[in-house]
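Source file coords_33.cif; content: mmCIF, C-alpha atoms.
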```
data_target
loop_
_atom_site.label_atom_id
_atom_site.label_comp_id
_atom_site.auth_asym_id
_atom_site.auth_seq_id
_atom_site.Cartn_x
_atom_site.Cartn_y
_atom_site.Cartn_z
CA MET A 1236 -68.69 77.41 -24.80
CA GLU A 1237 -66.31 79.16 -22.41
CA ARG A 1238 -69.18 81.14 -20.87
CA PHE A 1239 -70.59 77.90 -19.48
CA LYS A 1240 -67.37 77.09 -17.62
CA LYS A 1241 -67.06 80.27 -15.56
CA SER A 1242 -70.01 80.01 -13.20
CA ARG A 1243 -71.39 76.50 -13.40
CA ILE A 1244 -72.60 76.53 -9.79
CA LEU A 1245 -74.78 79.58 -10.39
CA GLN A 1246 -76.13 78.01 -13.59
CA VAL A 1247 -77.08 74.69 -12.01
CA ASN A 1248 -78.56 76.48 -8.99
CA VAL A 1249 -80.81 78.51 -11.30
CA LEU A 1250 -81.73 75.27 -13.08
CA TYR A 1251 -82.40 73.62 -9.70
CA LEU A 1252 -84.69 76.46 -8.57
CA SER A 1253 -86.56 76.43 -11.88
CA LEU A 1254 -87.15 72.68 -11.76
CA GLY A 1255 -88.10 72.85 -8.08
CA LEU A 1256 -90.82 75.40 -8.88
CA LEU A 1257 -91.98 73.31 -11.85
CA LEU A 1258 -92.08 70.25 -9.60
CA PHE A 1259 -94.18 72.03 -7.00
CA PHE A 1260 -96.66 73.71 -9.34
CA LEU A 1261 -96.83 71.63 -12.52
CA GLY A 1262 -95.73 68.29 -11.06
CA SER A 1263 -98.35 68.39 -8.31
CA ILE A 1264 -101.07 69.17 -10.87
CA VAL A 1265 -100.28 66.32 -13.28
CA GLN A 1266 -99.79 63.86 -10.41
CA SER A 1267 -103.13 64.82 -8.86
CA LYS A 1268 -104.91 64.01 -12.11
CA GLU A 1269 -103.39 60.52 -12.46
CA ILE A 1270 -100.47 59.49 -10.32
CA TYR A 1271 -98.62 57.12 -12.65
CA SER A 1272 -98.73 59.25 -15.80
CA GLY A 1273 -98.08 62.29 -13.62
CA LEU A 1274 -94.92 60.74 -12.21
CA LEU A 1275 -93.71 59.87 -15.72
CA ILE A 1276 -94.23 63.49 -16.83
CA THR A 1277 -92.46 64.69 -13.69
CA GLU A 1278 -89.43 62.46 -14.13
CA TYR A 1279 -88.87 62.60 -17.88
CA ILE A 1280 -90.26 66.03 -18.87
CA ILE A 1281 -89.77 68.18 -15.76
CA ILE A 1282 -86.52 66.64 -14.48
CA LEU A 1283 -84.63 64.73 -17.18
CA LEU A 1284 -85.24 66.79 -20.33
CA PRO A 1285 -84.07 70.20 -18.97
CA ASN A 1286 -80.94 68.59 -17.51
CA LEU A 1287 -80.02 66.97 -20.81
CA ILE A 1288 -80.60 70.27 -22.63
CA TYR A 1289 -78.39 72.11 -20.12
CA LEU A 1290 -75.63 69.52 -20.37
CA LYS A 1291 -75.78 69.70 -24.16
CA LEU A 1292 -75.42 73.50 -24.02
CA THR A 1293 -72.28 73.25 -21.87
CA GLY A 1294 -70.49 71.54 -24.73
CA ILE A 1295 -69.02 68.97 -22.34
CA PRO A 1296 -69.49 65.42 -23.70
CA LEU A 1297 -72.21 63.54 -21.80
CA LYS A 1298 -69.86 60.61 -21.25
CA GLN A 1299 -67.57 62.94 -19.30
CA SER A 1300 -70.12 65.09 -17.46
CA LEU A 1301 -72.33 62.13 -16.49
CA ARG A 1302 -69.50 59.61 -16.01
CA LEU A 1303 -71.09 57.15 -18.42
CA ASN A 1304 -68.55 54.45 -17.64
CA LYS A 1305 -69.26 50.76 -17.26
CA ILE A 1306 -69.26 49.10 -13.85
CA SER A 1307 -68.06 45.56 -13.29
CA LEU A 1308 -70.19 42.73 -11.93
CA LYS A 1309 -68.13 42.85 -8.75
CA GLN A 1310 -68.84 46.55 -8.33
CA ALA A 1311 -72.55 45.98 -9.02
CA TRP A 1312 -72.60 43.23 -6.39
CA TYR A 1313 -71.09 45.55 -3.79
CA ILE A 1314 -73.49 48.37 -4.75
CA ILE A 1315 -76.47 46.09 -4.23
CA TRP A 1316 -75.35 45.29 -0.69
CA ILE A 1317 -74.38 48.90 0.00
CA THR A 1318 -77.91 49.94 -0.95
CA ILE A 1319 -79.51 47.19 1.15
CA PHE A 1320 -77.57 48.23 4.25
CA SER A 1321 -78.17 51.94 3.55
CA TYR A 1322 -81.91 51.38 3.62
CA PRO A 1323 -82.32 50.79 7.41
CA VAL A 1324 -80.24 53.89 8.16
CA ALA A 1325 -82.38 56.04 5.83
CA ILE A 1326 -85.57 54.63 7.36
CA PHE A 1327 -84.27 55.35 10.87
CA LEU A 1328 -83.43 58.96 9.97
CA ASN A 1329 -86.87 59.57 8.44
CA THR A 1330 -88.55 57.90 11.42
CA LEU A 1331 -86.54 60.10 13.79
CA VAL A 1332 -87.81 63.24 12.04
CA ILE A 1333 -91.39 61.92 11.93
CA THR A 1334 -91.25 61.06 15.64
CA ILE A 1335 -90.14 64.59 16.49
CA LEU A 1336 -92.81 66.10 14.25
CA SER A 1337 -95.50 63.85 15.74
CA PHE A 1338 -95.32 65.89 18.94
CA PHE A 1339 -96.49 68.93 16.93
CA GLY A 1340 -99.37 67.30 15.10
CA GLU A 1341 -100.74 64.23 13.32
CA MET A 1342 -98.58 62.95 10.48
CA VAL A 1343 -100.10 62.23 7.08
CA PRO A 1344 -98.69 59.15 5.26
CA SER A 1345 -96.68 59.55 2.06
CA SER A 1346 -98.72 60.07 -1.12
CA VAL A 1347 -96.64 57.54 -3.11
CA PRO A 1348 -99.10 54.82 -4.17
CA ILE A 1349 -98.69 51.25 -2.95
CA PRO A 1350 -99.71 48.85 -5.77
CA GLU A 1351 -102.81 46.78 -5.10
CA ASN A 1352 -101.99 43.88 -7.45
CA LEU A 1353 -99.04 42.24 -9.16
CA GLY A 1354 -99.56 44.10 -12.44
CA LEU A 1355 -99.45 47.48 -10.73
CA TYR A 1356 -96.46 46.30 -8.72
CA PHE A 1357 -94.37 45.75 -11.86
CA LEU A 1358 -95.65 49.03 -13.31
CA SER A 1359 -94.59 50.76 -10.10
CA ILE A 1360 -91.12 49.23 -10.30
CA PHE A 1361 -90.67 50.98 -13.66
CA ILE A 1362 -92.33 54.29 -12.75
CA ILE A 1363 -91.37 54.72 -9.07
CA ALA A 1364 -88.08 52.81 -8.97
CA LEU A 1365 -86.33 52.79 -12.35
CA SER A 1366 -87.50 56.16 -13.71
CA PRO A 1367 -86.37 58.22 -10.67
CA GLY A 1368 -83.21 56.12 -10.57
CA ILE A 1369 -82.33 57.33 -14.06
CA CYS A 1370 -83.76 60.86 -14.17
CA GLU A 1371 -82.93 62.06 -10.65
CA GLU A 1372 -79.43 60.60 -10.69
CA ILE A 1373 -78.66 62.36 -13.97
CA MET A 1374 -79.76 65.59 -12.30
CA PHE A 1375 -78.11 65.23 -8.89
CA ARG A 1376 -75.08 62.96 -9.35
CA GLY A 1377 -74.70 64.18 -12.92
CA THR A 1378 -75.51 67.84 -13.56
CA ILE A 1379 -75.33 69.20 -10.00
CA MET A 1380 -72.47 67.17 -8.54
CA ASN A 1381 -70.37 67.74 -11.64
CA ALA A 1382 -70.82 71.51 -11.38
CA TYR A 1383 -70.15 71.59 -7.64
CA GLU A 1384 -66.79 69.93 -8.25
CA ASP A 1385 -65.64 73.51 -8.81
CA ILE A 1386 -65.46 73.82 -4.99
CA GLY A 1387 -64.09 70.30 -4.38
CA LYS A 1388 -65.33 66.73 -4.58
CA LYS A 1389 -66.28 66.37 -0.89
CA LYS A 1390 -68.37 69.54 -1.03
CA ALA A 1391 -69.88 68.36 -4.32
CA ILE A 1392 -71.05 65.14 -2.64
CA LEU A 1393 -72.43 67.05 0.36
CA PHE A 1394 -74.21 69.80 -1.56
CA SER A 1395 -75.73 67.44 -4.14
CA ALA A 1396 -77.04 65.25 -1.30
CA ILE A 1397 -78.62 68.17 0.58
CA LEU A 1398 -80.18 69.52 -2.62
CA PHE A 1399 -81.49 66.01 -3.34
CA GLY A 1400 -83.17 65.92 0.08
CA LEU A 1401 -84.64 69.42 -0.32
CA PHE A 1402 -86.01 68.55 -3.76
CA HIS A 1403 -88.51 66.17 -2.13
CA LEU A 1404 -90.11 69.27 -0.55
CA ASN A 1405 -91.18 67.16 2.42
CA LEU A 1406 -89.61 67.45 5.87
CA GLN A 1407 -90.72 63.90 6.70
CA ASN A 1408 -88.73 62.65 3.73
CA PHE A 1409 -85.66 64.89 3.91
CA ALA A 1410 -83.12 63.17 6.18
CA GLY A 1411 -83.33 59.74 4.54
CA PRO A 1412 -82.85 60.95 0.93
CA THR A 1413 -80.05 63.28 2.04
CA PHE A 1414 -78.21 60.34 3.62
CA LEU A 1415 -78.78 58.22 0.51
CA GLY A 1416 -77.54 61.12 -1.62
CA LEU A 1417 -74.28 61.06 0.31
CA ILE A 1418 -73.91 57.32 -0.27
CA PHE A 1419 -74.76 57.62 -3.97
CA GLY A 1420 -72.26 60.46 -4.40
CA ILE A 1421 -69.49 58.46 -2.74
CA ILE A 1422 -70.05 55.37 -4.87
CA VAL A 1423 -70.21 57.46 -8.07
CA TYR A 1424 -66.81 58.96 -7.31
CA LYS A 1425 -65.32 55.65 -6.24
CA THR A 1426 -66.52 53.76 -9.34
CA ASN A 1427 -66.28 56.83 -11.62
CA SER A 1428 -69.68 55.84 -13.03
CA ILE A 1429 -73.18 57.24 -12.67
CA TYR A 1430 -74.49 53.75 -13.39
CA SER A 1431 -73.57 52.86 -9.81
CA SER A 1432 -75.94 55.46 -8.30
CA ILE A 1433 -78.65 54.65 -10.86
CA LEU A 1434 -78.45 51.02 -9.72
CA GLY A 1435 -78.47 52.01 -6.05
CA HIS A 1436 -81.33 54.52 -6.40
CA THR A 1437 -83.46 52.09 -8.42
CA LEU A 1438 -82.83 49.27 -5.95
CA ASN A 1439 -83.64 51.49 -2.96
CA ASN A 1440 -86.98 52.62 -4.42
CA GLY A 1441 -87.76 49.07 -5.56
CA LEU A 1442 -87.00 47.75 -2.10
CA ALA A 1443 -89.34 50.32 -0.52
CA MET A 1444 -92.05 49.48 -3.05
CA THR A 1445 -91.64 45.72 -2.48
CA ILE A 1446 -91.81 46.05 1.29
CA GLY A 1447 -94.88 48.28 0.98
CA TYR A 1448 -96.63 45.92 -1.45
CA PHE A 1449 -96.10 42.68 0.44
CA GLY A 1450 -96.54 44.41 3.80
CA MET A 1451 -99.95 45.70 2.70
CA LYS A 1452 -100.95 42.18 1.57
CA GLU A 1453 -100.00 40.71 4.93
CA GLN A 1454 -101.81 43.48 6.77
CA SER A 1455 -104.99 42.93 4.76
CA GLN A 1456 -104.93 39.22 5.67
CA ALA A 1457 -104.24 39.80 9.35
CA ILE A 1458 -106.93 39.11 11.93
CA ASP A 1459 -107.83 41.99 14.20
CA VAL A 1460 -107.10 41.16 17.82
CA PRO A 1461 -108.43 43.38 20.62
CA ALA A 1462 -105.56 45.17 22.34
CA TYR A 1463 -104.82 48.13 24.55
CA GLU A 1464 -104.47 51.30 22.52
CA ILE A 1465 -100.95 52.69 22.67
CA PRO A 1466 -100.54 56.46 22.09
CA TYR A 1467 -99.11 57.30 18.67
CA GLN A 1468 -96.04 59.05 20.07
CA THR A 1469 -95.25 56.04 22.26
CA GLN A 1470 -95.56 53.74 19.27
CA MET A 1471 -93.14 55.93 17.33
CA LEU A 1472 -90.62 55.97 20.18
CA ILE A 1473 -90.72 52.17 20.45
CA LEU A 1474 -90.32 51.85 16.67
CA LEU A 1475 -87.45 54.33 16.75
CA ALA A 1476 -85.64 52.36 19.46
CA VAL A 1477 -85.94 49.13 17.46
CA LEU A 1478 -84.87 50.80 14.21
CA SER A 1479 -81.85 52.39 15.90
CA ILE A 1480 -80.40 48.95 16.60
CA PHE A 1481 -80.78 47.89 12.96
CA ALA A 1482 -79.45 51.27 11.78
CA ILE A 1483 -76.28 51.11 13.89
CA CYS A 1484 -75.50 47.54 12.80
CA SER A 1485 -76.25 48.41 9.16
CA LEU A 1486 -74.06 51.51 9.29
CA ILE A 1487 -71.07 49.52 10.56
CA ILE A 1488 -71.45 47.00 7.73
CA LEU A 1489 -72.12 49.81 5.23
CA ILE A 1490 -68.84 51.57 6.02
CA LYS A 1491 -66.91 48.34 5.53
CA LEU A 1492 -68.66 47.65 2.20
CA ILE A 1493 -67.89 51.14 0.87
CA LYS A 1494 -64.23 50.73 1.80
CA LYS A 1495 -64.11 47.40 -0.07
CA LEU A 1496 -66.01 48.67 -3.14
CA PRO A 1497 -63.58 48.28 -6.07
CA LYS A 1498 -62.49 51.57 -7.60
CA GLY A 1499 -63.32 52.33 -11.19
CA GLU A 1500 -60.76 53.54 -13.69
CA GLY A 1501 -60.08 57.19 -12.86
CA GLY A 1502 -62.17 57.05 -9.69
CA ILE A 1503 -61.51 59.47 -6.75
CA GLN A 1504 -58.96 61.67 -8.44
CA GLN A 1505 -57.40 64.65 -6.68
CA ASP A 1506 -59.48 67.83 -6.55
CA ILE A 1507 -58.69 70.50 -9.08
CA GLN A 1508 -57.97 74.01 -7.82
CA PRO A 1509 -61.31 75.23 -6.35
CA ARG A 1510 -62.91 78.10 -8.23
CA GLU A 1511 -64.09 81.20 -6.45
CA THR A 1512 -67.79 81.53 -5.67
CA ASN A 1513 -69.82 84.13 -3.81
CA ILE A 1514 -73.14 84.34 -2.01
CA LEU A 1515 -74.92 85.44 -5.20
CA HIS A 1516 -74.31 82.01 -6.69
CA TYR A 1517 -76.44 80.44 -3.93
CA ILE A 1518 -79.44 82.80 -4.02
CA PRO A 1519 -81.50 80.27 -6.07
CA ILE A 1520 -80.91 77.69 -3.32
CA ILE A 1521 -82.21 80.15 -0.75
CA GLY A 1522 -85.35 80.36 -2.89
CA ILE A 1523 -85.88 76.59 -2.68
CA ILE A 1524 -85.20 76.60 1.07
CA ILE A 1525 -87.86 79.31 1.54
CA LEU A 1526 -90.32 77.27 -0.55
CA PHE A 1527 -89.45 74.16 1.48
CA ILE A 1528 -90.06 76.00 4.76
CA ILE A 1529 -93.37 77.53 3.61
CA ILE A 1530 -94.71 74.19 2.37
CA ASN A 1531 -93.82 72.37 5.58
CA ILE A 1532 -94.94 75.11 7.98
CA LYS A 1533 -98.28 75.23 6.18
CA TYR A 1534 -98.49 71.44 6.40
CA LEU A 1535 -97.52 71.19 10.09
CA PHE A 1536 -99.06 74.22 11.71
CA LEU A 1537 -101.90 75.55 9.55
#
```

Would you mind writing the file out in C-alpha cells?
Amino acid sequence: MERFKKSRILQVNVLYLSLGLLLFFLGSIVQSKEIYSGLLITEYIIILLPNLIYLKLTGIPLKQSLRLNKISLKQAWYIIWITIFSYPVAIFLNTLVITILSFFGEMVPSSVPIPENLGLYFLSIFIIALSPGICEEIMFRGTIMNAYEDIGKKKAILFSAILFGLFHLNLQNFAGPTFLGLIFGIIVYKTNSIYSSILGHTLNNGLAMTIGYFGMKEQSQAIDVPAYEIPYQTQMLILLAVLSIFAICSLIILIKLIKKLPKGEGGIQQDIQPRETNILHYIPIIGIIILFIIINIKYLFL
C-alpha cells in the first residue's frame, strides 16, 4: 500500500472533486424527488460509502485514520457547550454574507425543510442532524484532515474547514460552516477522537432544526399587527448589529471553553516532517472553486 502514502493530498482532492460533482448533479436530482430519502442517499451513498472505500484501500486501520477513540463524559460536556457557543458566531458570519449579498439581489431562503409536526421533527433530527454529523465528519475530519496532515496539523484544520464550507456549494452558507469546520478540527485534535466532531456537528444541526421548528410554530400562532414596512436591507443591518453582540460574547466564552477542553490520549502531538506538495495536487480543488463560483454567480446575477 506504499503507493497510497506518497500523494495522499492529491488523492483526497480528486475524491473531493468527484464527490462534489456527484453532490451537485446526482444529489440535487434525488433530493428534488423527495427531500428526506434524497438526503439519506446523499449522505450515506454519495458521501460516506466512497470515503470508507478509499480509507480501506489506503491500508491504514480505520481506528487510526478516523481517530476512533472514546471521549470522556467531561469532554462530551465541554463539546456540547463549545458547540452551543459556536452557533451564534456561525449565524453571525452567515448573516454578514447574506446582508452583503442582499444589496445585489433578493435572497432565497435555504432549501432545508423545516418539519411541520413532531414526527417529522424527530425524523429530521436523524436525517438532517445525525446523518451529516456522521457522514460528513468522516469525510472532512477523517479522510481529508488526515491526508492534509502531510503539510502540518494547523494547515490540515484550515484546509479541511475551507473545503467543508465549499462543499455546501452555497455562498450564503459558506462562512458559517467554514468557521464550524475550524472548531470541529480543533476539538478532534485536542481530544484525538472524531467522536467529538460528530457530537458537535450533530448538535449544531439539531440546534438549528429545533430553533427552526419551534420558531415556525410560534410564527404561525402570532397575530399580525399593522406596522411600518422596513426595507429588507435595513432589517438585515439591524439583525446583524444585534447578532454581532451575541457573536462577540459567544466567541470570548468559546475560546475559554476550548482552552479548558480536556485533552485526549495522544491529542495534539507534534507535526511530522511536512511532505512536499505542488500546485498539481490542488487542481481538483480549483475545479470545485470554479463550480462554486458558477453556481453562485448564476444564482445571484442571472

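Residues surrounding Leu1526 of chain A within 12 Å are Leu1252, Ser1253, Gly1255, Leu1256, Leu1258, Phe1259, Phe1260, Leu1401, Phe1402, His1403, Leu1404, Asn1405, Leu1406, Pro1519, Ile1520, Ile1521, Asn1531, Ile1532 and Lys1533 of chain A [all atoms listed in the file; sequence separation below 5 positions excluded].
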
Each residue of segment 1342-1367 of chain A lying at most 9 Å from segment 1437-1444 of chain A should get a row with its shortest atom-to-atom pair and the distance in Å to one decimal, counting all atoms listed in the file; could you produce that, ordered by chain and increasing number, as CSV?
```
residue,atom,partner,partner_atom,distance
A:Pro1348,CA,A:Met1444,CA,8.9
A:Ile1349,CA,A:Met1444,CA,6.9
A:Pro1350,CA,A:Met1444,CA,8.2
A:Tyr1356,CA,A:Met1444,CA,7.9
A:Ser1359,CA,A:Met1444,CA,7.6
A:Ile1360,CA,A:Gly1441,CA,5.8
A:Phe1361,CA,A:Gly1441,CA,8.8
A:Ile1363,CA,A:Asn1440,CA,6.7
A:Ala1364,CA,A:Asn1440,CA,4.7
A:Leu1365,CA,A:Thr1437,CA,4.9
A:Ser1366,CA,A:Thr1437,CA,7.8
A:Pro1367,CA,A:Thr1437,CA,7.1
```

Evaluate the PyMOL selection byres ((chain A and resi 1297) around 12) here and jot the selected residues down as a list in words. Asn1286, Leu1287, Ile1288, Tyr1289, Leu1290, Lys1291, Leu1292, Thr1293, Gly1294, Ile1295, Pro1296, Lys1298, Gln1299, Ser1300, Leu1301, Arg1302, Leu1303, Asn1304, Ile1373, Gly1377, Thr1378, Asn1381, Ser1428 and Ile1429 of chain A

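Every residue that the PyMOL selection byres ((chain A and resi 1499) around 12) selects in this file is listed here: Arg1302, Leu1303, Asn1304, Lys1305, Ile1306, Ser1307, Leu1308, Lys1309, Gln1310, Ala1311, Ile1422, Val1423, Tyr1424, Lys1425, Thr1426, Asn1427, Ser1428, Ile1429, Tyr1430, Ser1431, Leu1496, Pro1497, Lys1498, Glu1500, Gly1501, Gly1502, Ile1503 and Gln1504 of chain A.
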
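Taking atom CA of Ser1337 of chain A and atom CA of Leu1478 of chain A as the two end points, the separation is 16.9 Å.
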
Enter the distance from atom CA of Leu1515 of chain A to atom CA of Gln1246 of chain A, in Å, rounded to one decimal. 11.3 Å

Gap from atom CA of Ser1479 of chain A to atom CA of Glu1371 of chain A - Å, one decimal: 28.3 Å

In the coordinate frame of the file, compute which residues have an atom within 10 Å of (-75.6, 59.3, 2.6) when using only C-alpha atoms, and state them as number ranges by chain. A: 1321, 1324-1325, 1392-1393, 1396-1397, 1410-1421

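Residue nearest Ile1480 of chain A, chosen from A:Phe1399, A:Trp1312, A:Phe1327, A:Tyr1279 and counting only C-alpha atoms: A:Phe1327.
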
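If you measure from each of A:Phe1481, A:Phe1394, A:Phe1357, A:Phe1338 to Phe1375 of chain A using all atoms listed in the file, the closest one turns out to be A:Phe1394.
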
Taking only C-alpha atoms into account, name the residue in A:Ser1242, A:Ile1473, A:Glu1269, A:Trp1316 that is nearest to Ile1490 of chain A. A:Trp1316

Residue by residue, what does the PyMOL selection byres ((chain A and resi 1275) around 10) grab here? Present the result as a VMD selection string. chain A and resid 1262 1265 to 1266 1270 to 1274 1276 to 1282 1361 to 1363 1366 to 1367

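Between Lys1494 of chain A and the residues A:Leu1257, A:Leu1250, A:Ile1465, A:Ile1314, the shortest atom-to-atom distance, using all atoms listed in the file, involves A:Ile1314.
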
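With distances restricted to all atoms listed in the file, A:Ile1433 is the closest residue to Glu1372 of chain A from A:Ile1488, A:Val1249, A:Ile1264, A:Ile1433.
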
Asn1513 of chain A environment, 12 Å, all atoms listed in the file, sequence neighbours closer than 4 positions dropped, as a VMD selection string: chain A and resid 1242 1244 to 1245 1386 1517 to 1518

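When all atoms listed in the file are used to measure the gap to Lys1491 of chain A, the shortest distance among A:Leu1355, A:Ile1333, A:Ala1382, A:Ile1317 belongs to A:Ile1317.
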